[in-house]
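Asker: Quick one: the structure is below, questions incoming.
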Number of protein chains: 2
Amino acid sequence: MELEKEIKLIAEKARQAKYSLRRANSEQKNQVLEKIAQLLLERQEAILSANQKDLEQGKERGLSSALLDRLRLTPERISSMAEGVKELVKLEDPVGKITSIWKRPNGLLVGRMRIPLGVIFMIYEARPNVTIESASLCLKSGNAIILRGGSEAFNSNLALGEIITDALSQLGLDPASVQVVPTTDRKAVDILLRMEDYIDLVIPRGGEQLIRKVVEQSRIPVLKHYKGVCHIFVDREADLNKAREICYNAKVQRPSVCNAMETLLVDEEVAEKFLPEMAKKLESAGVEIRGCEKTCQLIPQAKPAMEQDWYEEYLDLILAVRVVKGIEEAIEHIQKYGSDHTEAIITENYSRAMEFIQRVDSSSVMVNASTRFSDGFQYGLGAEIGISTTRLHAYGPMGLEELTVCKFIVLGDGQIREK
Amino acid sequence: MELEKEIKLIAEKARQAKYSLRRANSEQKNQVLEKIAQLLLERQEAILSANQKDLEQGKERGLSSALLDRLRLTPERISSMAEGVKELVKLEDPVGKITSIWKRPNGLLVGRMRIPLGVIFMIYEARPNVTIESASLCLKSGNAIILRGGSEAFNSNLALGEIITDALSQLGLDPASVQVVPTTDRKAVDILLRMEDYIDLVIPRGGEQLIRKVVEQSRIPVLKHYKGVCHIFVDREADLNKAREICYNAKVQRPSVCNAMETLLVDEEVAEKFLPEMAKKLESAGVEIRGCEKTCQLIPQAKPAMEQDWYEEYLDLILAVRVVKGIEEAIEHIQKYGSDHTEAIITENYSRAMEFIQRVDSSSVMVNASTRFSDGFQYGLGAEIGISTTRLHAYGPMGLEELTVCKFIVLGDGQIREK
C-alpha cells in the first residue's frame with residue numbers, strides 16, 4: 001500500500017510535468033540538454049562510484065562478463081553520452097510545428113500541429129546510457145518520462161537521474177519531467193502499467209520475454225518490437241558480388257543486434273553459383289550454417305535446419321539458409337516466419353525490386369543494402385529511442401518526430417454548423 | 001472449443017486477406033466499392049427484410065424507440081449508404097504513397113511509404129450503416145476487417161456483409177477481406193481480443209462502458225475515445241455576439257453527439273454581460289443550466305453544479321457553466337476535467353488565441369468556431385472511421401490516411417555498414 005501510494009505520486013507528478021513542459025520553448029529545452037552534458041562531465045566521479053557499486057553487486061550476483069561489460073561506465077563512455085546529448089541540441093524541435101493546414105469552403109482553417117505524446121514510461125535492461133538517451137529525447141520532444149531500468153544498474157541510473165533532475169531545476173523547469181523509479185521492487189512496474197489515466201505510452205526495451213510480459217499486463221498503449229528475424233533474399237538477377245558483400249556484412253559485422261540477418265533466402269536459379277562461395281566466406285568468420293535440404297546438398301558442412309530455425313533470432317554467428325523457387329516463395333517465407341523488422345532483396349531486376357518494396361510490409365524494406373542500416377542514426381533521424389514493429393503510430397526506427405502526435409487546430413471567425 | 005476454432009479460422013483468413021489485398025491496386029479497390037454501391041440498391045429488399053427481423057426482435061426485447069430508430073433501415077437510408085460508398089471512390093488512395101524520401105551521405109535513398117495497418121477488428125453498437133462505412137474505408141485503405149456489430153443489428157449486418165463479400169468475389173478479390181462475425185456469442189469478442197498475432201488494431205465504437213471493457217481485455221492496440229466533454233472558453237475579449245451564436249450552436253444543434261459542448265467556461269470580466277442573455281437563449285431551447293456559485297448568482301434559474309458535473313458527458317440539453325478568473329484557470333479546468341476531445345476559445349485577442357492553441361493539447365483545439373465541426377467530413381478528410389483521443393497514431397477524427405502507417409524503404413546500390 002505504501003508502494004502503491006509512492007508510485008501513484010510519481011505518476012501524478014509526471015502528469016503535472018507533461019503540462020508544465022508545454023510552456024518550455026525549444027531554447028529552454030536545449031539549455032537543459034547542454035546543462036546535462038556539462039554535469040555528466042563535472043560529476044564523472046560520482047557516476048563512476050555509483051556504477052562501481054552496481055558492478056560489485058553484479059559480480060556477487062554472478063552476472064556474466066558480457067552483462068557486466070554492458071553495465072560498466074568509463075570516462076570514455078560518459079563523454080560519449082555527453083556528446084550524444086549535445087548532438088540532440090542541433091536537431092529540430094518537432095513540437096508546435098504545423099505540418100499542414102488547409103481552408104474549408106466555410107472559411108475555417110484546419111491544420112495539424114505536432115504535440116508531445118505526454119507521459120512516457122520506459123522499461124529497459126542493463127545499459128545505463130539508455131537512461132540519458134531516453135530522457136534527453138523525451139525532454140527535447142516535450143514529453144515527461146518515467147524511467148525504470150534494470151535492477152543491476154539501479155545505482156548508476158539513480159546517479160544519472162539526479163543529474164537530469166538538477167539540470168531541470170537549475171534552469172527552472174519541472175524536475176519531475178524525468179523521474180527514475182526509486183525502487184527495484186518489481187511490483188512498481190505492475191502498478192505503473194495499470195495507470196492509464198496518467199501514462200500515455202509504454203516503451204519496453206529488452207529481451208522478448210520482458211516485452212511480452214509488459215504487453216500482457218499493460219492497459220496503456222505499448223510500442224515495441226519482440227525480435228528481429230531479418231531476411232535477405234538473393235534474387236536470380238542479383239549482382240552476386242554485391243550479394244556476398246551485403247550478406248557477409250549483414251551477418252558478421254555485428255551479429256548480436258536486432259538488424260543483423262538471421263535467414264538468407266536464395267533463388268534456386270543462382271543457388272549453385274552463389275551459395276558455396278558465400279558459405280566459404282561466412283565460415284571464414286566462424287558462421288555456422290543451418291540449411292534446407294537443397295542448401296545442405298550445396299554446402300556439405302551445413303547442418304540441416306529444423307522448422308524452428310526459420311523463426312529464430314540467433315543474435316549469434318549462426319545463419320539459416322533456404323533455397324526458394326523465386327520471389328513469390330521468398331515473400332511467402334517472410335510473411336510466415338518474419339518479425340516485421342527488416343528485409344532486403346538483392347537484385348538488378350527493376351520489376352522485382354519494386355515488387356519486393358511494395359509487397360513486403362516489414363517496418364524497413366531494402367534493395368541492395370545491408371539490413372544493418374535499419375537504425376535511426378543511419379536513416380538520418382538524428383537519434384533513436386527504439387524500433388517499433390507494431391503497425392501503429394511508428395513503424396521502424398523511432399526518432400524525435402515519432403515521440404510526437406498531431407492534434408487538429410481549427411481557426412475560425414465565428415463559424416457555426418448548419419447540419 | 002468449437003467457437004474458439006471457428007473464430008481462429010476467421011482471424012487466420014483475415015491475416016491471409018491482409019496479404020492478398022496488397023496485390024489489389026486502387027482501380028480494383030474502387031471497382032469493389034462501385035459494386036457494393038450497386039448491390040446495396042439492387043438487394044434493397046433483402047436488406048430491408050433482414051432489418052425487419054432485427055426490428056421485430058428488438059421490439060420483443062423492449063428496445064427504446066430511440067434505439068429502434070437508429071437500428072431502422074429505409075430505402076432512403078440505403079441509398080444514402082450507397083452514396084457514401086461512391087464518395088469514397090473519389091478520394092485518393094493513400095497506400096503506396098511515398099510521403100518523403102531523402103539521400104544519405106553514403107548514397108542510400110531512405111524514404112517512408114504508406115501501407116495499410118493490416119487486420120482491423122471493429123466493435124460497434126446498433127447502427128447497421130457502420131458496417132458499410134467501416135468496411136468501405138478499410139477496403140479503400142487496403143486493410144482487412146473483422147466486423148462485430150451489436151446483437152440487435154445481427155441480421156442486418158449479416159445481409160450487408162454478404163453484399164460486400166459478393167462484391168469482392170465478383171471482382172476477384174479475397175472475400176475474407178471483410179468478415180462479419182457470424183455469431184452473437186459475446187465470447188467471440190473475448191477470443192478475438194486475445195489474437196494479437198493476427199489482428200493489428202481494435203477500434204471500438206460505442207458507449208464508454210463497452211470501450212473500457214475492450215481496453216481492459218485487449219492485448220491488441222486499441223484506438224478509441226471514451227467520451228467527449230467538450231469545453232468552450234469565452235475570453236474577456238470575446239466578441240460576445242459570436243460567442244453566443246457559437247455556444248448556442250455547440251450545445252443545441254445536436255446535443256446527443258460527442259462533439260457537442262458540455263461545459264461553458266466564462267472569464268469573470270465578461271460574465272455579467274454575457275451569461276444572463278446567453279442563459280435566456282439557451283433556455284428558450286430547453287437547456288438546463290448547472291452552474292458554479294457565481295453562475296447561479298447571475299442566472300437565478302440555474303441549478304448548482306456538483307463536482308461530478310464537470311466530468312459529465314450529458315449528451316443532452318444540459319450545460320455545466322463555470323466562471324473562471326481568466327485563461328489560466330480555464331486551461332487548468334480543461335486539463336483536470338477534460339476528455340482530450342475538442343475545446344474552443346472565443347476571443348478577439350491574438351495572444352490568448354495563440355496561447356490556447358498551443359497549450360491546450362486536446363485532439364481538436366479551436367478558435368472562434370463551434371466544437372460541432374470536430375468531424376472528419378467537416379475537416380475535409382472525406383470520411384471518418386471514428387475519433388481517437390488516444391495520443392498515439394491518430395489523435396482526433398480518423399480518415400483514410402489514419403488507417404495507414406509508414407514503413408521505411410531503403411534503396412541502395414550495394415552499401416554495407418562499416419561500424
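Letters A, B, ... go to the chains of the C-alpha cells in the order shown; residues in each chain start at 1; ligands are counted from 1 in the same order.
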Residues of chain A within 6 Å of chain B, counting only C-alpha atoms - could you list those as a PyMOL selection string?

Answerer: chain A and resi 117+242+246+363-370+391-393+395+407-416

Asker: Using DSSP assignments from the backbone, pull out every residue in segment 135-336 of chain B that falls under strand (DSSP E) and give it to me as number ranges by chain.

Answerer: B: 144-148, 178-180, 201-205, 230-234, 261-267, 288-291, 303-304, 318-324

Asker: Among the residues of segment 163-259 of chain A, find those DSSP assigns to helix (DSSP H, G or I) from the backbone and print them as a PyMOL selection string.

Answerer: chain A and resi 163-170+175-177+187-193+208-217+240-252

Asker: Keeping only N, CA and C atoms, take the residues you just selected and write them out as a short mmCIF file (atom, residue, chain, number, x, y, z; two decimals), in the first residue's frame.

Answerer:
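New file part-v4.cif:
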```cif
data_model
loop_
_atom_site.label_atom_id
_atom_site.label_comp_id
_atom_site.auth_asym_id
_atom_site.auth_seq_id
_atom_site.Cartn_x
_atom_site.Cartn_y
_atom_site.Cartn_z
N ILE A 163 21.40 13.88 -12.02
CA ILE A 163 22.00 14.90 -12.89
C ILE A 163 20.92 15.58 -13.73
N ILE A 164 20.04 14.77 -14.28
CA ILE A 164 18.97 15.34 -15.13
C ILE A 164 18.05 16.22 -14.30
N THR A 165 17.67 15.73 -13.13
CA THR A 165 16.78 16.50 -12.26
C THR A 165 17.43 17.83 -11.87
N ASP A 166 18.71 17.77 -11.54
CA ASP A 166 19.40 19.01 -11.19
C ASP A 166 19.45 19.99 -12.36
N ALA A 167 19.73 19.47 -13.54
CA ALA A 167 19.77 20.34 -14.72
C ALA A 167 18.41 21.01 -14.93
N LEU A 168 17.34 20.24 -14.78
CA LEU A 168 15.99 20.80 -14.93
C LEU A 168 15.75 21.89 -13.88
N SER A 169 16.06 21.60 -12.64
CA SER A 169 15.82 22.57 -11.56
C SER A 169 16.63 23.83 -11.78
N GLN A 170 17.89 23.66 -12.12
CA GLN A 170 18.75 24.83 -12.28
C GLN A 170 18.23 25.76 -13.37
N PRO A 175 11.38 19.53 -12.27
CA PRO A 175 12.29 18.39 -12.14
C PRO A 175 11.58 17.05 -12.32
N ALA A 176 10.26 17.02 -12.15
CA ALA A 176 9.53 15.76 -12.32
C ALA A 176 9.34 15.40 -13.79
N SER A 177 9.88 16.21 -14.70
CA SER A 177 9.81 15.87 -16.12
C SER A 177 10.52 14.55 -16.39
N LYS A 187 7.00 -4.91 -8.26
CA LYS A 187 5.58 -4.52 -8.18
C LYS A 187 5.37 -3.10 -8.69
N ALA A 188 6.42 -2.28 -8.60
CA ALA A 188 6.31 -0.90 -9.07
C ALA A 188 5.93 -0.87 -10.55
N VAL A 189 6.50 -1.79 -11.32
CA VAL A 189 6.19 -1.85 -12.75
C VAL A 189 4.73 -2.24 -12.96
N ASP A 190 4.29 -3.26 -12.22
CA ASP A 190 2.89 -3.71 -12.35
C ASP A 190 1.94 -2.55 -12.07
N ILE A 191 2.25 -1.78 -11.04
CA ILE A 191 1.36 -0.66 -10.68
C ILE A 191 1.35 0.38 -11.80
N LEU A 192 2.54 0.73 -12.28
CA LEU A 192 2.60 1.77 -13.33
C LEU A 192 1.88 1.33 -14.60
N LEU A 193 1.95 0.04 -14.93
CA LEU A 193 1.32 -0.44 -16.17
C LEU A 193 -0.21 -0.35 -16.11
N GLU A 208 12.78 -10.50 -25.45
CA GLU A 208 11.41 -10.79 -25.86
C GLU A 208 10.52 -11.09 -24.66
N GLN A 209 11.08 -11.79 -23.67
CA GLN A 209 10.29 -12.19 -22.51
C GLN A 209 9.79 -10.97 -21.73
N LEU A 210 10.70 -10.04 -21.48
CA LEU A 210 10.34 -8.80 -20.78
C LEU A 210 9.20 -8.09 -21.52
N ILE A 211 9.37 -8.00 -22.84
CA ILE A 211 8.40 -7.23 -23.62
C ILE A 211 7.04 -7.93 -23.63
N ARG A 212 7.05 -9.25 -23.79
CA ARG A 212 5.77 -9.97 -23.77
C ARG A 212 5.05 -9.78 -22.44
N LYS A 213 5.80 -9.75 -21.37
CA LYS A 213 5.20 -9.57 -20.05
C LYS A 213 4.55 -8.19 -19.96
N VAL A 214 5.24 -7.20 -20.48
CA VAL A 214 4.70 -5.84 -20.44
C VAL A 214 3.39 -5.75 -21.24
N VAL A 215 3.40 -6.32 -22.46
CA VAL A 215 2.21 -6.27 -23.31
C VAL A 215 1.03 -6.96 -22.62
N GLU A 216 1.33 -8.10 -22.02
CA GLU A 216 0.33 -8.88 -21.30
C GLU A 216 -0.37 -8.06 -20.24
N GLN A 217 0.43 -7.28 -19.48
CA GLN A 217 -0.10 -6.60 -18.30
C GLN A 217 -0.65 -5.21 -18.58
N LEU A 240 25.99 -10.95 -57.90
CA LEU A 240 26.38 -11.89 -56.84
C LEU A 240 27.54 -11.37 -55.98
N ASN A 241 28.36 -10.49 -56.54
CA ASN A 241 29.40 -9.90 -55.70
C ASN A 241 28.80 -8.98 -54.66
N LYS A 242 27.91 -8.08 -55.12
CA LYS A 242 27.20 -7.22 -54.17
C LYS A 242 26.52 -8.09 -53.11
N ALA A 243 25.85 -9.14 -53.60
CA ALA A 243 25.08 -10.00 -52.69
C ALA A 243 25.99 -10.57 -51.60
N ARG A 244 27.17 -11.04 -51.99
CA ARG A 244 28.06 -11.64 -50.99
C ARG A 244 28.57 -10.60 -49.99
N GLU A 245 28.92 -9.42 -50.49
CA GLU A 245 29.38 -8.36 -49.59
C GLU A 245 28.29 -8.00 -48.59
N ILE A 246 27.09 -7.81 -49.11
CA ILE A 246 25.98 -7.38 -48.26
C ILE A 246 25.62 -8.47 -47.24
N CYS A 247 25.51 -9.71 -47.70
CA CYS A 247 25.14 -10.79 -46.78
C CYS A 247 26.19 -10.96 -45.69
N TYR A 248 27.46 -10.87 -46.10
CA TYR A 248 28.54 -11.00 -45.12
C TYR A 248 28.44 -9.89 -44.08
N ASN A 249 28.24 -8.68 -44.56
CA ASN A 249 28.12 -7.53 -43.66
C ASN A 249 26.92 -7.70 -42.72
N ALA A 250 25.78 -8.11 -43.29
CA ALA A 250 24.54 -8.19 -42.51
C ALA A 250 24.63 -9.27 -41.43
N LYS A 251 25.39 -10.33 -41.70
CA LYS A 251 25.50 -11.40 -40.70
C LYS A 251 26.65 -11.17 -39.73
N VAL A 252 27.80 -10.74 -40.24
CA VAL A 252 29.03 -10.83 -39.46
C VAL A 252 29.42 -9.53 -38.74
#
```

Asker: List as a list in words the protein and nucleic acid residues near Leu158 of chain A, meaning an atom at most 7 Å away when only C-alpha atoms are counted, but skip any in the same chain fewer than 4 places from it.

Answerer: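 Residues near the query, excluding close chain neighbours: Phe154, Glu162 and Val180 of chain A.
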
Asker: Counting only C-alpha atoms, which of A:Asp69, A:Glu262, A:Glu133, A:Glu56 gets nearest to Tyr314 of chain A?

Answerer: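 Under the stated criterion, the closest residue is A:Glu262.
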
Asker: With the cut-off set at 7 Å and counting only C-alpha atoms, tabulate each residue of segment 60-89 of chain A with an atom at most that distance from an atom of segment 30-41 of chain A, showing the nearest atom pair and its distance in Å to one decimal, ordered by chain and increasing number, as JSON lines.

Answerer:
```
{"residue": "A:Ile78", "atom": "CA", "partner": "A:Leu40", "partner_atom": "CA", "distance": 6.8}
{"residue": "A:Ser79", "atom": "CA", "partner": "A:Leu41", "partner_atom": "CA", "distance": 6.6}
{"residue": "A:Ala82", "atom": "CA", "partner": "A:Ala37", "partner_atom": "CA", "distance": 4.4}
{"residue": "A:Val85", "atom": "CA", "partner": "A:Ala37", "partner_atom": "CA", "distance": 6.1}
{"residue": "A:Lys86", "atom": "CA", "partner": "A:Glu34", "partner_atom": "CA", "distance": 6.2}
{"residue": "A:Val89", "atom": "CA", "partner": "A:Asn30", "partner_atom": "CA", "distance": 5.4}
```

Asker: Restricting it to C-alpha atoms, dump the selection as a short mmCIF file (atom, residue, chain, number, x, y, z; two decimals), in the first residue's frame.

Answerer:
```cif
data_model
loop_
_atom_site.label_atom_id
_atom_site.label_comp_id
_atom_site.auth_asym_id
_atom_site.auth_seq_id
_atom_site.Cartn_x
_atom_site.Cartn_y
_atom_site.Cartn_z
CA ILE A 78 30.46 9.12 -20.06
CA SER A 79 31.98 11.61 -22.53
CA ALA A 82 27.56 13.84 -23.11
CA VAL A 85 23.14 14.79 -25.64
CA LYS A 86 24.86 17.75 -27.33
CA VAL A 89 20.60 20.15 -29.29
#
```

Asker: What's around Leu48 of chain A at 9 Å? Count only C-alpha atoms, leave out sequence neighbours fewer than 6 positions away in its own chain, and write the answer as JSON, numbers by chain.

Answerer: {"A": [72, 73, 74, 75, 78, 156]}

Asker: Could you give me, as a count of residues only, the residues within 12 Å of Cys296 of chain A, counting only C-alpha atoms and dropping anything in the same chain fewer than 6 positions from it?

Answerer: 15

Asker: Show me, as a tab-separated table (two decimals) with N, CA and C atoms, in the first residue's frame, the residues that have an atom within 6 Å of segment 224-228 of chain B when counting only C-alpha atoms, minus same-chain residues fewer than 2 positions from it.

Answerer:
```
chain	number	residue	atom	x	y	z
B	208	GLU	N	-19.12	4.38	-23.31
B	208	GLU	CA	-17.88	4.34	-22.54
B	208	GLU	C	-17.65	2.97	-21.92
B	230	CYS	N	-16.61	18.37	-24.15
B	230	CYS	CA	-16.05	19.50	-24.89
B	230	CYS	C	-16.33	20.80	-24.16
B	258	CYS	N	-20.82	13.44	-29.57
B	258	CYS	CA	-19.64	13.64	-28.72
B	258	CYS	C	-18.98	14.99	-28.90
B	339	SER	N	-11.61	15.65	-21.62
B	339	SER	CA	-11.53	14.29	-22.15
B	339	SER	C	-10.64	14.24	-23.38
B	341	HIS	N	-10.98	15.66	-26.14
B	341	HIS	CA	-11.74	15.61	-27.39
B	341	HIS	C	-11.62	16.95	-28.12
B	388	SER	N	-10.24	9.51	-32.30
B	388	SER	CA	-9.33	8.98	-31.30
B	388	SER	C	-8.94	10.06	-30.31
B	389	THR	N	-9.00	9.74	-29.04
B	389	THR	CA	-8.42	10.63	-28.04
B	389	THR	C	-7.22	9.96	-27.37
```

Asker: Which neighbours of Pro128 of chain B fall inside 10 Å, counting only C-alpha atoms, when residues of the same chain fewer than 3 positions from it are skipped, and could you give them as a PyMOL selection string?

Answerer: chain B and resi 51+70-73+124-125+131-133+149-150+152-158+160

Asker: Just to confirm, what's the straight-line distance from atom CA of Glu76 of chain B to atom CA of Leu317 of chain B in Å (one decimal)?

Answerer: 28.5 Å

Asker: Between A:Ile101, A:Ile345, A:Met261, A:Ile334, which is the closest to Glu313 of chain A once you count only C-alpha atoms?

Answerer: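 Ranking A:Ile101, A:Ile345, A:Met261, A:Ile334 by distance to Glu313 of chain A, first place goes to A:Met261.
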